[in-house]
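Structure below is upload.txt: compact mmCIF, C-alpha atoms and all ligand atoms.
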# COMPACT_ATOMS: atom_id res chain seq x y z
CA MET A 23 -8.29 123.87 67.20
CA ASN A 24 -7.44 121.73 64.20
CA ALA A 25 -4.37 120.59 62.32
CA MET A 26 -4.42 123.26 59.60
CA ASN A 27 -1.07 124.89 59.18
CA GLN A 28 -1.18 128.66 59.63
CA ASP A 29 1.90 129.36 57.49
CA ARG A 30 0.57 127.59 54.45
CA LYS A 31 -2.40 128.84 52.50
CA THR A 32 -5.34 126.49 52.06
CA LEU A 33 -5.88 125.66 48.42
CA ILE A 34 -9.14 124.28 47.06
CA VAL A 35 -8.80 123.27 43.42
CA ALA A 36 -11.74 122.44 41.14
CA ASN A 37 -10.74 120.05 38.38
CA TRP A 38 -13.59 120.16 35.88
CA LYS A 39 -11.83 117.59 33.66
CA MET A 40 -13.42 117.13 30.20
CA HIS A 41 -16.80 118.47 31.32
CA LEU A 42 -18.77 121.63 30.47
CA ASN A 43 -18.65 123.62 27.26
CA VAL A 44 -17.86 127.35 27.28
CA HIS A 45 -21.43 128.36 28.07
CA GLN A 46 -21.81 125.81 30.86
CA SER A 47 -18.44 126.78 32.34
CA SER A 48 -19.43 130.41 32.39
CA LEU A 49 -22.72 129.52 34.07
CA LEU A 50 -20.97 127.48 36.76
CA LEU A 51 -18.53 130.34 37.38
CA HIS A 52 -21.47 132.69 37.77
CA ARG A 53 -23.19 130.38 40.27
CA LEU A 54 -19.99 129.96 42.26
CA SER A 55 -19.37 133.72 42.28
CA GLU A 56 -22.77 134.25 43.86
CA ARG A 57 -21.94 131.86 46.68
CA ILE A 58 -18.23 132.18 47.34
CA LYS A 59 -16.85 135.21 49.14
CA VAL A 60 -13.35 136.63 48.98
CA HIS A 61 -11.40 134.65 51.58
CA ARG A 62 -7.99 135.58 52.84
CA ASN A 63 -5.77 132.51 53.38
CA ILE A 64 -7.86 130.41 51.03
CA GLU A 65 -7.11 130.20 47.37
CA VAL A 66 -9.94 128.83 45.25
CA VAL A 67 -8.58 127.61 41.94
CA LEU A 68 -10.76 126.67 38.96
CA ALA A 69 -9.41 124.36 36.27
CA PRO A 70 -11.87 124.36 33.34
CA SER A 71 -11.17 122.87 29.92
CA MET A 72 -8.57 124.60 27.76
CA LEU A 73 -11.35 126.03 25.61
CA SER A 74 -13.03 127.82 28.51
CA LEU A 75 -9.90 129.41 29.96
CA GLN A 76 -9.92 132.53 27.79
CA PRO A 77 -13.59 133.44 28.26
CA LEU A 78 -13.42 132.67 31.99
CA ALA A 79 -10.28 134.81 32.33
CA LEU A 80 -12.35 137.79 31.19
CA GLU A 81 -15.25 137.07 33.54
CA ILE A 82 -13.51 135.97 36.68
CA ASP A 83 -13.18 138.00 39.87
CA ARG A 84 -9.49 137.41 40.52
CA ARG A 85 -9.83 138.19 44.22
CA LYS A 86 -12.13 135.18 44.55
CA PHE A 87 -10.77 132.73 42.05
CA LYS A 88 -7.54 131.84 40.34
CA LEU A 89 -7.46 129.97 37.06
CA SER A 90 -5.63 126.79 36.27
CA ALA A 91 -5.11 124.74 33.13
CA GLN A 92 -5.44 120.97 33.41
CA ASP A 93 -2.35 120.27 31.34
CA ALA A 94 -0.05 121.91 28.79
CA TYR A 95 2.90 120.92 26.63
CA PHE A 96 6.45 121.43 27.80
CA LYS A 97 7.92 122.97 24.64
CA ASP A 98 7.27 126.71 24.37
CA GLU A 99 6.44 126.60 20.64
CA GLY A 100 6.94 124.52 17.51
CA GLY A 101 5.36 121.94 15.26
CA TYR A 102 3.46 120.11 18.00
CA THR A 103 0.07 119.82 16.36
CA GLY A 104 -2.80 119.86 18.80
CA GLU A 105 -0.83 121.08 21.81
CA VAL A 106 -0.94 124.30 23.83
CA SER A 107 2.20 125.47 25.60
CA PHE A 108 2.77 126.84 29.07
CA ALA A 109 4.19 129.93 27.32
CA MET A 110 0.79 130.52 25.68
CA LEU A 111 -0.98 130.16 29.01
CA GLY A 112 1.35 132.45 30.93
CA SER A 113 -0.92 135.50 30.86
CA LEU A 114 -4.14 133.52 31.39
CA VAL A 115 -3.56 131.21 34.34
CA GLN A 116 -1.72 131.21 37.64
CA TYR A 117 -1.70 127.42 37.95
CA CYS A 118 -1.54 124.28 35.85
CA ILE A 119 -2.27 120.73 36.97
CA VAL A 120 0.67 118.54 35.97
CA GLY A 121 0.93 114.75 35.91
CA HIS A 122 -2.69 114.01 36.76
CA SER A 123 -3.19 110.25 36.80
CA ALA A 124 -5.63 110.51 33.88
CA ARG A 125 -2.74 111.95 31.83
CA ARG A 126 -0.32 109.33 33.03
CA ILE A 127 -2.74 106.44 32.46
CA TYR A 128 -4.76 107.43 29.36
CA PHE A 129 -2.15 109.52 27.54
CA GLY A 130 1.07 107.74 28.43
CA GLU A 131 2.62 110.65 30.26
CA THR A 132 5.99 109.49 31.57
CA LEU A 133 7.95 110.56 34.64
CA GLU A 134 10.26 112.55 32.36
CA MET A 135 7.38 114.36 30.64
CA VAL A 136 6.00 115.35 34.03
CA ARG A 137 9.47 116.60 35.01
CA ASP A 138 9.68 118.71 31.81
CA LYS A 139 6.19 120.08 32.33
CA VAL A 140 7.07 121.17 35.87
CA GLN A 141 10.09 123.01 34.42
CA ALA A 142 8.04 124.59 31.64
CA ALA A 143 5.44 125.80 34.13
CA ILE A 144 8.05 127.42 36.36
CA ARG A 145 9.86 128.95 33.37
CA ASN A 146 6.61 130.61 32.32
CA GLY A 147 5.58 131.87 35.75
CA ILE A 148 2.86 129.26 36.31
CA THR A 149 2.58 127.26 39.54
CA PRO A 150 2.47 123.55 38.74
CA ILE A 151 0.01 121.51 40.83
CA VAL A 152 1.85 118.21 40.64
CA CYS A 153 -0.24 115.07 41.17
CA ILE A 154 1.47 112.11 42.78
CA GLY A 155 -0.16 108.80 43.60
CA GLU A 156 -0.04 105.07 43.24
CA THR A 157 -2.56 102.88 41.42
CA LYS A 158 -4.47 100.03 43.06
CA GLN A 159 -2.12 97.54 41.35
CA ASP A 160 0.91 99.39 42.74
CA ARG A 161 -0.61 99.32 46.19
CA ASP A 162 -1.58 95.65 46.02
CA ALA A 163 1.95 94.81 44.89
CA GLY A 164 3.44 96.69 47.86
CA GLU A 165 4.92 99.26 45.46
CA GLY A 166 3.03 102.33 46.67
CA ARG A 167 5.94 104.04 48.42
CA ARG A 168 8.33 103.42 45.54
CA VAL A 169 5.88 104.91 43.05
CA ILE A 170 5.36 107.99 45.20
CA HIS A 171 9.12 108.34 45.60
CA ASP A 172 9.82 108.00 41.88
CA GLN A 173 7.05 110.36 40.81
CA LEU A 174 8.02 112.99 43.34
CA THR A 175 11.78 112.91 42.87
CA THR A 176 11.63 113.00 39.06
CA ALA A 177 9.01 115.76 39.03
CA LEU A 178 11.27 117.90 41.20
CA MET A 179 14.51 116.83 39.55
CA ASN A 180 15.47 120.21 38.09
CA VAL A 181 13.59 122.40 40.57
CA THR A 182 15.79 124.73 42.62
CA SER A 183 14.98 125.46 46.27
CA ARG A 184 13.85 128.92 45.32
CA ASP A 185 11.50 127.55 42.66
CA LEU A 186 10.11 124.96 45.03
CA GLU A 187 8.14 127.76 46.66
CA LYS A 188 6.17 127.97 43.41
CA VAL A 189 5.27 124.28 43.36
CA VAL A 190 2.17 122.68 44.85
CA LEU A 191 2.05 118.92 45.40
CA VAL A 192 -1.01 116.71 45.61
CA TYR A 193 -1.27 113.26 47.05
CA GLU A 194 -3.88 111.67 44.86
CA PRO A 195 -4.02 107.88 45.13
CA VAL A 196 -5.43 106.69 41.81
CA TRP A 197 -7.61 104.08 43.56
CA ALA A 198 -9.42 106.84 45.46
CA ILE A 199 -10.38 108.92 42.40
CA SER A 200 -14.10 108.69 41.62
CA THR A 201 -13.57 107.80 37.96
CA PHE A 202 -11.09 105.03 38.76
CA ASP A 203 -11.78 102.74 41.74
CA GLY A 204 -13.30 105.37 44.03
CA ILE A 205 -12.25 103.56 47.21
CA LEU A 206 -12.24 106.11 50.03
CA ALA A 207 -8.79 106.66 51.50
CA LYS A 208 -8.55 106.47 55.29
CA PRO A 209 -7.18 109.47 57.19
CA ASN A 210 -4.19 107.52 58.51
CA GLU A 211 -3.29 106.33 54.99
CA ILE A 212 -3.35 109.91 53.73
CA GLU A 213 -1.39 111.18 56.72
CA LYS A 214 1.34 108.58 56.21
CA ALA A 215 1.64 109.20 52.46
CA ILE A 216 1.81 112.96 52.89
CA ALA A 217 4.35 112.66 55.70
CA TYR A 218 6.40 110.46 53.36
CA MET A 219 6.17 113.08 50.60
CA ARG A 220 7.21 115.85 52.99
CA MET A 221 10.12 113.69 54.12
CA GLN A 222 11.23 113.34 50.50
CA VAL A 223 11.12 117.11 50.11
CA ARG A 224 13.09 117.45 53.37
CA GLU A 225 15.78 115.11 52.08
CA LEU A 226 16.06 117.03 48.83
CA TYR A 227 15.69 120.63 50.04
CA GLY A 228 15.94 120.69 53.84
CA GLU A 229 13.62 121.31 56.75
CA ARG A 230 12.51 124.85 55.92
CA ALA A 231 11.42 123.94 52.39
CA ALA A 232 9.59 120.86 53.67
CA SER A 233 7.64 122.90 56.19
CA LYS A 234 6.67 125.45 53.53
CA VAL A 235 5.61 123.26 50.62
CA SER A 236 1.85 122.88 50.17
CA ILE A 237 0.57 119.34 49.82
CA LEU A 238 -3.08 118.81 48.94
CA TYR A 239 -5.20 115.70 49.03
CA GLY A 240 -7.34 114.52 46.11
CA GLY A 241 -9.66 111.57 45.52
CA SER A 242 -13.47 111.57 45.87
CA VAL A 243 -13.54 114.66 48.09
CA ASN A 244 -17.05 116.03 48.56
CA ASP A 245 -18.82 118.48 50.85
CA GLN A 246 -19.70 115.77 53.37
CA ASP A 247 -16.20 114.45 53.94
CA VAL A 248 -13.96 117.42 53.13
CA ARG A 249 -13.61 118.37 56.79
CA GLY A 250 -12.25 114.93 57.60
CA TYR A 251 -9.64 115.23 54.87
CA LEU A 252 -8.61 118.77 55.79
CA GLU A 253 -8.22 117.68 59.41
CA VAL A 254 -5.54 115.16 58.46
CA PRO A 255 -2.20 116.52 59.68
CA GLY A 256 -0.10 117.82 56.78
CA VAL A 257 -3.00 118.33 54.35
CA ASP A 258 -3.14 121.89 53.00
CA GLY A 259 -6.18 121.66 50.78
CA ALA A 260 -8.04 119.55 48.30
CA LEU A 261 -8.12 118.76 44.60
CA VAL A 262 -11.79 118.14 43.83
CA GLY A 263 -13.09 116.46 40.68
CA ALA A 264 -16.71 115.30 40.47
CA ALA A 265 -17.98 117.43 43.38
CA SER A 266 -16.53 120.58 41.80
CA LEU A 267 -19.08 120.37 38.97
CA ASN A 268 -21.93 120.92 41.41
CA TYR A 269 -22.07 124.50 42.66
CA HIS A 270 -23.87 123.60 45.89
CA GLN A 271 -21.26 121.03 46.75
CA PHE A 272 -18.23 123.02 45.68
CA SER A 273 -19.24 126.21 47.46
CA ALA A 274 -19.99 124.10 50.57
CA ILE A 275 -16.47 122.64 50.33
CA VAL A 276 -14.95 126.13 50.18
CA ASP A 277 -17.14 127.15 53.10
CA VAL A 278 -15.89 124.26 55.23
CA ALA A 279 -12.27 125.21 54.46
CA TYR A 280 -13.02 128.83 55.35
CA ARG A 281 -14.63 127.92 58.68
CA MET A 282 -11.74 125.64 59.54
CA ARG A 283 -9.27 128.49 58.96
CA LEU A 284 -11.29 130.63 61.36
CA GLU A 285 -11.18 127.92 64.01
CA VAL A 286 -7.40 127.61 64.02
P1 LIG Z 1 -12.65 113.06 42.09
O1 LIG Z 1 -11.47 113.52 41.13
O2 LIG Z 1 -12.78 114.13 43.16
O3 LIG Z 1 -13.84 112.99 41.22
O4 LIG Z 1 -12.24 111.75 42.67
C1 LIG Z 1 -10.28 114.05 41.63
C2 LIG Z 1 -9.28 114.22 40.50
O5 LIG Z 1 -9.19 113.33 39.64
O6 LIG Z 1 -8.56 115.23 40.43
Turn the structure described in the file into structure tokens.
Ligand code: PGA
Amino acid sequence: MNAMNQDRKTLIVANWKMHLNVHQSSLLLHRLSERIKVHRNIEVVLAPSMLSLQPLALEIDRRKFKLSAQDAYFKDEGGYTGEVSFAMLGSLVQYCIVGHSARRIYFGETLEMVRDKVQAAIRNGITPIVCIGETKQDRDAGEGRRVIHDQLTTALMNVTSRDLEKVVLVYEPVWAISTFDGILAKPNEIEKAIAYMRMQVRELYGERAASKVSILYGGSVNDQDVRGYLEVPGVDGALVGAASLNYHQFSAIVDVAYRMRLEV
């Protein structure tokens, strides 16, 4: 018996970030397809670079994998040189990561931009995977809770209760991400932060919505420690960066999630 919630699907998301060209992406998909079976109750989501989405959409077995973009622009069309809109992605992807800390930190993405991206995703039938998390400086300054509160409430500002069912949240403390500080988060820290996020959702949308919303954990998750993270009460899956680029590791992560679902 473990803490996994039966009513909520387990989501394992591979964030390939700015790695792998089209050929390499296709190769990794192929390797993963050989190892990962179709699992009911587990959704395996691949987020390759924008460039690889179209070719992967043609190759992918949609029973095994769903596709996600890593970001998109909130306007549907217009003179926004260099951007790709959620409207353009609508037929290609089921998900889009929104508000990843790399976007917030390196590309100046504001709370309001994240809010507008969440809206644009929903408007175009794409499930936003909304990343929420404090930096090490925020934490050291005792501002962690406030940052989580502000990021979560603005991201959901214009989301109706019906649309909330199409939103996935991630608790991803920036200090735990491998490319930032890579400090491993302790289970009780994750449990508290996720309980706090669920409480925010409860205050905004009520008990039923709070018990239905999926909240993932992200930050240096690998095949060795994924079980520990998925065992944390309230965690519905993982957003995996570095370890998702290695097919042995990523398929092992999916396998752990699958076995844990069977144990429930
Ligand atoms: P990591 O990345 O697993 O390499 O820490 C997670 C993320 O940034 O989404």
Q. Hey, which residues come within 7 Å of ligand LIG 1 (chain Z) if we count only C-alpha atoms and all ligand atoms? Could you give them as a ChimeraX atom specification?
A. /A:37,198-201,204,240-243,261-265
Q.
So that I can check the surroundings of segment 73-78 of chain A, please list as a PyMOL selection string every protein, DNA and RNA residue that reaches within 7 Å of it, counting all atoms listed in the file and ignoring chain neighbours fewer than 2 positions away.
A. chain A and resi 44+47-48+70-71+80-82+114
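Atom CA of Gly228 of chain A sits 23.6 Å away from atom CA of Glu194 of chain A.
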Q | Counting only C-alpha atoms, the residue of A:Ala260, A:Ile170, A:Leu178, A:Ala79 that sits nearest Glu65 of chain A | A | A:Ala260
(Q) Under the rule that only C-alpha atoms are counted, which of A:Leu68, A:Pro195, A:Val115, A:Leu33 is the nearest residue to Ile212 of chain A? (A) A:Pro195
Can you check which parts of segment 173-267 of chain A lie within 7 Å of segment 139-152 of chain A? Per residue, the shortest pair of atoms and distance in Å to one decimal, counting only C-alpha atoms, sorted by chain and number, as a tab-separated table.
residue	atom	partner	partner_atom	distance
A:Ala177	CA	A:Val140	CA	6.6
A:Lys188	CA	A:Thr149	CA	5.3
A:Val189	CA	A:Pro150	CA	5.5
A:Val190	CA	A:Ile151	CA	4.7
A:Leu191	CA	A:Val152	CA	4.8
A:Val192	CA	A:Val152	CA	5.9
Q: Considering all atoms listed in the file, state which residue in the set A:Ser266, A:Gly112, A:Gln222, A:Leu89 is at the smallest distance from Ala36 of chain A.
A: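 Going through A:Ser266, A:Gly112, A:Gln222, A:Leu89 one by one, the smallest distance to Ala36 of chain A is for A:Ser266.
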Q: Neighbourhood query: residues within 8 Å of (0.0, 119.2, 56.8), file coordinates, counting only C-alpha atoms; return as number ranges by chain.
A: A: 25-27, 216-217, 236-237, 254-258
Q: Rank A:His52, A:Lys39, A:Lys59, A:Arg220 by their smallest atom-to-atom distance to Asp93 of chain A, using only C-alpha atoms, and report the top residue only.
A: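 With only C-alpha atoms as the atom set, the closest residue is A:Lys39.
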Q: Calculate how many Å separate atom CA of Arg230 of chain A from atom CA of Tyr193 of chain A, rounding to one decimal.
A: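 Interatomic distance, atom CA of Arg230 of chain A to atom CA of Tyr193 of chain A: 20.1 Å.
For the atom pair formed by atom CA of Val60 of chain A and atom CA of Asp83 of chain A, the distance is 9.2 Å, given to one decimal.
With all atoms listed in the file as the atoms that count, the residue of A:Tyr227, A:Tyr251, A:Trp197, A:Tyr95 with the shortest distance to Met135 of chain A is A:Tyr95.
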Q.
Restricting the calculation to all atoms listed in the file: of A:Val278, A:Ala69, A:Ala91, A:Val235, which residue gets closest to Glu187 of chain A?
A. A:Val235
Q.
I'd like the neighbourhood of Phe87 of chain A as an MDAnalysis selection string, where a residue qualifies if any of its atoms comes within 6 Å (using all atoms listed in the file), though same-chain residues fewer than 2 positions away should be ignored.
A. chainID A and resid 66:67 84:85
Enclose the full set of atoms of segment 69-78 of chain A listed in the file within a box whose edges lie along x, y and z, apply 6 Å of padding to each of the six sides, and report centre and edge lengths in Å to one decimal as lines of an AutoDock Vina configuration file.
center_x = -11.1
center_y = 128.2
center_z = 30.9
size_x = 17.0
size_y = 22.6
size_z = 22.7
